[in-house]
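J.: So here's target-v1.txt (compact mmCIF, C-alpha atoms and all ligand atoms).
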# COMPACT_ATOMS: atom_id res chain seq x y z
CA MET A 1 102.55 145.39 81.31
CA PRO A 2 99.26 147.31 81.01
CA ALA A 3 98.85 149.27 77.80
CA TYR A 4 98.84 152.60 79.61
CA GLN A 5 102.31 151.91 81.06
CA GLU A 6 103.77 151.37 77.62
CA GLU A 7 102.24 154.66 76.60
CA LEU A 8 103.68 156.43 79.67
CA GLU A 9 107.09 155.02 78.99
CA LYS A 10 107.03 156.34 75.46
CA ILE A 11 106.29 159.78 76.83
CA ALA A 12 109.10 159.45 79.41
CA ASN A 13 111.60 158.36 76.75
CA GLN A 14 110.62 161.13 74.41
CA PHE A 15 111.08 163.56 77.29
CA GLU A 16 114.66 162.37 77.85
CA VAL A 17 115.45 162.89 74.17
CA ASP A 18 113.98 166.39 74.17
CA LEU A 19 115.76 167.32 77.37
CA LYS A 20 119.11 166.26 75.97
CA SER A 21 118.82 168.53 72.97
CA ALA A 22 117.68 171.56 75.02
CA THR A 23 120.34 174.27 75.34
CA THR A 24 118.50 177.43 76.35
CA PHE A 25 115.87 178.58 78.81
CA ASP A 26 113.47 178.93 75.91
CA ASP A 27 114.01 175.27 74.99
CA LEU A 28 113.26 174.22 78.56
CA ASN A 29 110.12 176.36 78.67
CA ASN A 30 108.89 174.79 75.47
CA ILE A 31 109.50 171.31 76.82
CA GLU A 32 107.58 172.16 79.94
CA ILE A 33 104.60 173.24 77.87
CA LYS A 34 104.92 170.21 75.62
CA TYR A 35 104.73 167.76 78.56
CA LEU A 36 103.03 169.52 81.46
CA GLY A 37 100.95 172.14 79.64
CA ARG A 38 97.16 172.00 79.46
CA GLN A 39 97.35 170.53 75.97
CA GLY A 40 100.56 168.71 76.80
CA PHE A 41 101.39 165.01 76.43
CA ILE A 42 100.49 164.10 80.00
CA ASN A 43 97.07 165.77 79.98
CA ASN A 44 96.29 164.26 76.61
CA PHE A 45 97.31 160.88 77.97
CA LEU A 46 94.85 161.33 80.90
CA LYS A 47 92.06 162.03 78.44
CA ILE A 48 92.64 158.62 76.87
CA TYR A 49 93.36 156.81 80.17
CA PRO A 50 91.23 158.44 82.86
CA PRO A 51 92.74 157.74 86.32
CA LYS A 52 89.34 157.26 87.94
CA GLY A 53 89.16 153.84 89.59
CA ASN A 54 92.77 153.11 88.71
CA PRO A 55 94.98 154.28 91.58
CA GLU A 56 98.09 152.62 90.09
CA LEU A 57 97.78 154.70 86.94
CA GLY A 58 97.28 157.89 89.00
CA LYS A 59 100.44 157.14 90.94
CA ASP A 60 102.50 156.41 87.80
CA VAL A 61 101.34 159.60 86.13
CA ASN A 62 102.20 161.68 89.21
CA GLN A 63 105.64 160.10 89.35
CA LEU A 64 106.28 161.00 85.74
CA LYS A 65 105.07 164.56 86.31
CA GLN A 66 107.42 164.93 89.25
CA ARG A 67 110.33 163.51 87.27
CA VAL A 68 109.71 165.92 84.39
CA SER A 69 109.52 168.88 86.79
CA ALA A 70 112.61 167.83 88.72
CA HIS A 71 114.71 167.36 85.58
CA LEU A 72 113.62 170.65 84.11
CA GLU A 73 114.47 172.37 87.37
CA GLU A 74 117.89 170.76 87.47
CA ARG A 75 118.69 171.83 83.90
CA ARG A 76 117.50 175.38 84.58
CA ASN A 77 119.79 175.66 87.57
CA LYS A 78 122.73 174.46 85.54
CA LEU A 79 122.00 176.93 82.78
CA SER A 80 121.71 179.91 85.10
CA TYR A 81 124.94 178.93 86.76
CA HIS A 82 126.94 178.46 83.58
CA SER A 83 125.66 181.25 81.36
CA PRO A 84 124.80 184.76 82.49
CA LYS A 85 121.31 185.83 81.42
CA ILE A 86 122.75 189.12 80.23
CA ASP A 87 125.48 189.03 77.61
CA LEU A 88 127.81 191.75 78.78
CA THR A 89 129.86 191.54 75.62
CA LEU A 90 127.06 192.72 73.35
CA PRO A 91 127.59 196.27 72.03
CA LEU A 92 125.22 198.90 73.40
CA LYS A 93 122.57 200.29 71.12
CA ASP A 94 124.04 203.38 69.52
CA ASP A 95 121.62 205.83 71.09
CA LEU A 96 122.59 204.65 74.54
CA THR A 97 126.34 205.23 74.29
CA GLY A 98 127.73 208.19 76.16
CA SER A 99 130.27 210.71 74.93
CA THR A 100 132.46 213.42 76.35
CA HIS A 101 130.59 216.66 76.94
CA LEU A 102 131.12 219.45 74.42
CA ILE A 103 132.67 221.71 77.06
CA SER A 104 135.02 218.99 78.33
CA ARG A 105 136.11 218.30 74.76
CA THR A 106 136.82 221.99 74.22
CA ILE A 107 138.85 222.15 77.43
CA GLU A 108 140.91 219.13 76.35
CA GLU A 109 141.50 220.70 72.97
CA ILE A 110 142.61 224.03 74.43
CA GLU A 111 144.91 222.19 76.81
CA ASP A 112 146.45 220.24 73.89
CA ILE A 113 146.97 223.31 71.73
CA PHE A 114 148.88 225.07 74.49
CA ALA A 115 150.72 221.92 75.59
CA LYS A 116 152.33 221.77 72.14
CA ILE A 117 154.12 225.03 72.85
CA GLY A 118 155.12 224.17 76.39
CA PHE A 119 152.27 225.57 78.48
CA ALA A 120 151.62 223.54 81.65
CA ARG A 121 147.98 222.89 82.47
CA ARG A 122 147.05 224.20 85.90
CA ARG A 123 143.99 224.13 88.13
CA TYR A 124 143.78 226.80 90.79
CA PRO A 125 141.07 227.27 93.41
CA GLU A 126 137.55 228.21 92.40
CA ILE A 127 136.96 229.50 95.90
CA ASP A 128 139.76 231.86 96.71
CA THR A 129 140.76 234.69 98.99
CA ASP A 130 140.32 238.31 98.09
CA TRP A 131 144.09 238.64 97.80
CA TYR A 132 144.51 236.23 94.87
CA TYR A 133 141.25 237.20 93.32
CA ALA A 134 141.50 241.00 93.45
CA GLU A 135 143.80 242.80 95.89
CA GLY A 136 146.98 241.06 94.69
CA LEU A 137 145.89 241.73 91.10
CA ASN A 138 146.07 245.46 91.74
CA ILE A 139 142.36 245.87 92.41
CA PRO A 140 142.21 247.47 95.88
CA LYS A 141 139.10 247.29 98.07
CA GLY A 142 136.64 249.99 97.11
CA HIS A 143 138.08 250.34 93.58
CA PRO A 144 135.39 250.77 90.90
CA ALA A 145 136.91 247.89 88.89
CA ARG A 146 135.43 245.58 91.54
CA ASP A 147 132.02 246.35 90.09
CA ASP A 148 133.00 245.07 86.61
CA GLN A 149 132.30 241.53 87.63
CA GLU A 150 129.20 240.43 89.40
CA THR A 151 131.08 238.53 92.05
CA PHE A 152 129.58 236.12 94.57
CA TYR A 153 131.16 236.86 97.94
CA LEU A 154 131.04 233.91 100.30
CA THR A 155 132.44 235.86 103.23
CA ASN A 156 134.21 239.20 103.40
CA ASP A 157 137.41 237.53 102.35
CA PHE A 158 136.36 234.54 100.23
CA VAL A 159 134.81 234.62 96.78
CA LEU A 160 133.57 232.25 94.14
CA THR A 161 136.08 233.32 91.50
CA ALA A 162 134.56 235.40 88.71
CA HIS A 163 137.70 234.97 86.59
CA THR A 164 140.64 232.60 86.34
CA SER A 165 143.13 235.45 86.81
CA ASN A 166 143.49 234.41 90.47
CA GLY A 167 145.72 231.64 89.11
CA GLN A 168 148.39 234.18 88.14
CA LEU A 169 149.69 234.83 91.67
CA HIS A 170 149.38 231.16 92.64
CA GLU A 171 151.53 230.28 89.65
CA MET A 172 154.17 232.88 90.48
CA GLU A 173 154.34 231.40 93.98
CA ASN A 174 154.63 227.83 92.76
CA GLN A 175 156.91 228.21 89.78
CA LYS A 176 159.89 230.47 89.22
CA PRO A 177 160.30 231.88 85.67
CA PRO A 178 160.21 230.82 82.95
CA ILE A 179 156.46 230.52 83.52
CA ARG A 180 154.14 229.20 80.85
CA MET A 181 150.81 228.16 82.28
CA ILE A 182 147.29 227.63 81.10
CA ASN A 183 144.82 227.66 83.98
CA ILE A 184 141.43 226.33 82.91
CA GLY A 185 138.65 226.43 85.46
CA LYS A 186 135.13 227.23 86.47
CA THR A 187 134.12 230.83 87.01
CA TYR A 188 131.01 232.28 88.62
CA ARG A 189 129.04 235.47 88.11
CA ARG A 190 125.65 236.71 89.21
CA GLN A 191 124.18 236.55 85.74
CA ALA A 192 121.64 234.18 84.25
CA ASP A 193 119.95 234.72 80.89
CA THR A 194 119.95 233.14 77.46
CA SER A 195 123.62 234.01 76.91
CA HIS A 196 124.92 233.74 80.49
CA ASN A 197 125.10 230.91 82.97
CA PRO A 198 126.07 231.67 86.58
CA MET A 199 128.83 229.09 86.21
CA PHE A 200 131.00 229.04 83.10
CA HIS A 201 134.64 228.38 82.22
CA GLN A 202 137.66 230.50 81.41
CA PHE A 203 141.19 229.72 80.33
CA GLU A 204 143.94 231.93 81.60
CA GLY A 205 147.35 232.07 80.02
CA LEU A 206 150.39 233.46 81.78
CA VAL A 207 153.91 233.79 80.45
CA VAL A 208 156.68 235.35 82.56
CA ASP A 209 160.33 235.39 81.62
CA ILE A 210 163.13 237.77 80.73
CA ASP A 211 162.40 240.06 77.76
CA ILE A 212 158.78 239.10 77.17
CA SER A 213 157.07 241.67 74.98
CA ILE A 214 153.79 242.41 73.26
CA ALA A 215 155.21 240.69 70.18
CA ASN A 216 155.12 237.41 72.12
CA LEU A 217 151.51 238.02 73.14
CA ILE A 218 150.58 238.66 69.51
CA SER A 219 152.29 235.54 68.24
CA ILE A 220 150.70 233.31 70.89
CA THR A 221 147.30 234.81 70.13
CA ASN A 222 147.73 234.15 66.43
CA TYR A 223 148.94 230.64 67.16
CA PHE A 224 145.80 229.90 69.14
CA ALA A 225 143.53 231.50 66.53
CA GLU A 226 145.02 229.39 63.73
CA ASN A 227 145.03 226.16 65.70
CA TYR A 228 141.65 226.46 67.31
CA PHE A 229 139.68 228.43 64.73
CA GLY A 230 141.47 227.41 61.56
CA VAL A 231 144.21 228.47 59.17
CA GLY A 232 143.99 232.03 57.97
CA ARG A 233 142.25 233.43 61.05
CA LYS A 234 143.92 236.62 62.27
CA THR A 235 143.80 238.56 65.54
CA ARG A 236 144.08 242.22 66.40
CA LEU A 237 144.61 244.11 69.65
CA ARG A 238 142.38 246.95 70.77
CA PRO A 239 143.41 249.20 73.68
CA HIS A 240 141.42 248.52 76.83
CA HIS A 241 141.79 248.72 80.58
CA PHE A 242 142.37 246.03 83.16
CA GLN A 243 143.87 246.68 86.57
CA PHE A 244 146.29 243.77 86.40
CA THR A 245 147.81 244.50 83.00
CA GLU A 246 149.55 247.52 81.53
CA PRO A 247 149.09 248.06 78.68
CA SER A 248 145.79 246.16 78.38
CA PHE A 249 143.96 244.99 75.30
CA GLU A 250 140.89 243.34 74.02
CA ILE A 251 141.69 240.75 71.42
CA ASP A 252 139.50 240.34 68.37
CA ILE A 253 139.56 237.53 65.87
CA SER A 254 138.77 237.92 62.19
CA CYS A 255 135.28 236.74 61.32
CA ASP A 256 135.11 233.52 59.36
CA LEU A 257 131.80 234.24 57.70
CA CYS A 258 132.89 237.44 55.88
CA SER A 259 136.66 236.67 55.92
CA GLY A 260 137.25 239.73 58.08
CA THR A 261 135.76 242.20 55.62
CA GLY A 262 132.54 242.92 57.55
CA VAL A 263 130.43 242.69 54.39
CA ILE A 264 128.85 239.90 52.43
CA ASP A 265 127.35 240.79 49.02
CA SER A 266 127.50 244.48 49.95
CA VAL A 267 125.41 243.86 53.10
CA PRO A 268 126.96 244.10 56.60
CA CYS A 269 127.94 240.64 57.88
CA LYS A 270 125.22 239.47 60.27
CA MET A 271 127.69 237.60 62.42
CA CYS A 272 130.14 240.40 63.26
CA LYS A 273 129.09 243.58 61.42
CA SER A 274 132.73 244.79 61.50
CA GLY A 275 134.89 241.90 60.30
CA TRP A 276 136.01 241.14 63.86
CA LEU A 277 134.68 239.14 66.80
CA GLU A 278 135.72 239.78 70.37
CA LEU A 279 137.76 236.98 71.93
CA GLY A 280 138.58 238.40 75.38
CA GLY A 281 141.07 240.35 77.49
CA ALA A 282 144.85 240.31 77.57
CA GLY A 283 147.82 242.49 78.40
CA MET A 284 151.31 242.84 79.79
CA VAL A 285 151.41 241.78 83.43
CA HIS A 286 151.33 244.88 85.65
CA ARG A 287 154.50 245.64 87.64
CA ASN A 288 152.51 245.55 90.87
CA VAL A 289 151.26 242.05 90.10
CA LEU A 290 154.81 240.82 89.43
CA LYS A 291 155.88 242.36 92.74
CA ASN A 292 152.97 240.70 94.53
CA GLY A 293 154.13 237.42 93.03
CA ASP A 294 157.57 238.10 94.48
CA LEU A 295 159.17 238.71 91.10
CA ASP A 296 161.36 241.71 90.30
CA PRO A 297 159.61 243.74 87.55
CA ASP A 298 162.99 245.20 86.53
CA ILE A 299 164.16 241.72 85.61
CA TYR A 300 161.01 239.93 84.55
CA SER A 301 158.14 240.80 82.26
CA GLY A 302 155.15 238.83 81.12
CA PHE A 303 151.82 238.74 79.39
CA ALA A 304 148.48 237.26 80.37
CA PHE A 305 145.14 236.59 78.76
CA GLY A 306 141.80 235.31 79.98
CA TRP A 307 139.19 233.99 77.57
CA GLY A 308 135.89 232.16 77.86
CA VAL A 309 135.70 228.44 77.03
CA GLU A 310 132.00 228.50 76.10
CA ARG A 311 132.63 231.66 74.10
CA VAL A 312 135.33 230.17 71.86
CA LEU A 313 133.27 227.00 71.56
CA LEU A 314 130.26 228.90 70.25
CA MET A 315 132.40 231.20 68.09
CA ARG A 316 134.03 228.31 66.30
CA SER A 317 131.16 225.95 65.87
CA GLY A 318 128.80 228.61 64.63
CA LEU A 319 126.25 226.72 66.73
CA LYS A 320 123.23 228.82 67.29
CA ILE A 321 122.33 227.62 70.75
CA ALA A 322 119.04 229.26 71.67
CA ASP A 323 119.91 229.22 75.35
CA LEU A 324 123.49 228.87 76.54
CA ARG A 325 122.20 227.39 79.79
CA ASN A 326 121.18 224.26 77.85
CA LEU A 327 124.87 223.36 77.80
CA PHE A 328 124.69 222.86 81.54
CA THR A 329 121.55 220.73 81.70
CA ASP A 330 121.43 216.95 81.69
CA ASP A 331 118.87 216.84 78.89
CA ILE A 332 120.02 214.01 76.63
CA ARG A 333 117.84 215.26 73.76
CA PHE A 334 119.99 218.40 73.69
CA LEU A 335 123.37 216.88 74.53
CA GLY A 336 122.91 213.92 72.18
CA GLN A 337 123.19 216.27 69.19
CA PHE A 338 126.86 216.87 69.90
CA LYS A 339 128.24 213.34 70.19
N1 LIG B 401 140.03 238.47 84.02
C1 LIG B 401 139.45 239.21 82.94
C2 LIG B 401 137.93 238.97 82.91
O1 LIG B 401 137.49 237.95 83.33
C3 LIG B 401 140.03 238.78 81.62
C4 LIG B 401 141.48 239.09 81.49
C5 LIG B 401 141.88 240.28 80.96
C6 LIG B 401 142.45 238.18 81.89
C7 LIG B 401 143.21 240.61 80.80
C8 LIG B 401 143.79 238.49 81.74
C9 LIG B 401 144.16 239.70 81.20
O2 LIG B 401 144.75 237.64 82.09
O3 LIG B 401 145.47 239.98 81.04
O4 LIG B 401 137.24 239.80 82.44
Hey, can you dump this file as structure tokens for me?
Ligand code: DAH
T.:
Amino acid sequence: MPAYQEELEKIANQFEVDLKSATTFDDLNNIEIKYLGRQGFINNFLKIYPPKGNPELGKDVNQLKQRVSAHLEERRNKLSYHSPKIDLTLPLKDDLTGSTHLISRTIEEIEDIFAKIGFARRRYPEIDTDWYYAEGLNIPKGHPARDDQETFYLTNDFVLTAHTSNGQLHEMENQKPPIRMINIGKTYRRQADTSHNPMFHQFEGLVVDIDISIANLISITNYFAENYFGVGRKTRLRPHHFQFTEPSFEIDISCDLCSGTGVIDSVPCKMCKSGWLELGGAGMVHRNVLKNGDLDPDIYSGFAFGWGVERVLLMRSGLKIADLRNLFTDDIRFLGQFK
């Protein structure tokens, strides 16, 4: 056997050994470089045994090259078949994990707080007829109260709801008393500035039963204040006017920063100035609304309230969000702060 053949055989045997111990694509790539690379075994061999004038040698070398390539190819195919190139079981890098949006978390929390005392979560239309949205709530066409909200009218009779109070009549139609609902939904108003987004969320409570009084409204309000804002928070009612409630109130919650005193170190509290922060509207359901919901106001009474989701979220967290509209963007740099 010519000397060069012995040498070639050594290379071939060494290749088999290397191939056997290869387990990854990287291993196979390294073997390829080791044997077929410019400085690899085969090229080095050709420097010592030039093929010129020796066609047999040229043929043997080509055969070996082809064998090496074919075996590498075969092993690569097996590897890609048996092991995925991406390990789907690896945990994601922390900064790539998603989380529930701040507003969705608040909605879930509000839902849970009211669920504990038997309120059923409802979702009523965001596009609704004038009847549910206004007329049935004792706000006749042409009434000045229509101007309170900057409503988007889609047609003469359909609106993008500017409050969740439209859920009240739907609920009375769907559920006979006792009624205890919390309707959480999107609301729309023609307002856009640093503290208003044209789309925001409200939660609307409605309780209708026999002998429901303002005392029940007060206790539910205090329950929510303590559970959402924290132990020791108090509420108060201030007289107000809404068409669909009589009497009507605005509900305030005691300020956390100054413990409801309105002063810190003899200076007016910069958060509230008065010791109280405004939560939103509430009242005893108007007789006309009960009638419109097909309930006899001489038998049934109820209370209702409608508060802003983003408002309670900002009130509790003390977050100073420079622009409320940021909450509605998809900017991960902003949202990622609230994981
Ligand atoms: N719908 C009113 C608004 O968006 C808030 C409201 C006030 C809801 C009194 C109520 C209520 O249920 O009783 O301004």
J.: Find the distance between atom CA of A:Leu277 and atom CA of A:Cys255 and write it in Å to one decimal.
T.: 6.0 Å
J.: At what distance in Å, to one decimal, does atom CA of A:Cys258 lie from atom CA of A:Ile214?
T.: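 One can read the atom CA of A:Ile214 to atom CA of A:Cys258 distance as 27.6 Å.
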J.: Would you list the residues that come within 8 Å of ligand LIG 401 (chain B)? Count only C-alpha atoms and all ligand atoms and give the answer as a list in words.
T.: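 What falls inside 8 Å of ligand LIG 401 (chain B) is Asp148, Gln149, Ala162, His163, Thr164, Ser165, Gln168, Gln202, Glu204, Gly205, Leu206, Phe242, Phe244, Thr245, Ser248, Phe249, Glu250, Gly280, Gly281, Ala282, Gly283, Met284, Val285, Phe303, Ala304, Phe305, Gly306 and Trp307 of chain A.
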J.: What does the distance from atom CA of A:Gly136 to atom CA of A:Thr161 come to in Å, to one decimal?
T.: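 Going from atom CA of A:Gly136 over to atom CA of A:Thr161, I get 13.7 Å.
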J.: Quick one: residues within 8 Å of stretch 7-14 of chain A, all atoms listed in the file counted, chain neighbours fewer than 3 positions away excluded, as a list in words?
T.: Ala3, Tyr4, Val17, Asp18, Phe41, Ile42, Phe45, Val61 and Leu64 of chain A
J.: Extract, using all atoms listed in the file, all DNA, RNA and protein residues at most 6 Å from A:Asp252, discarding same-chain residues fewer than 3 positions from it, and format them as number ranges by chain.
T.: A: 235-236, 276-279
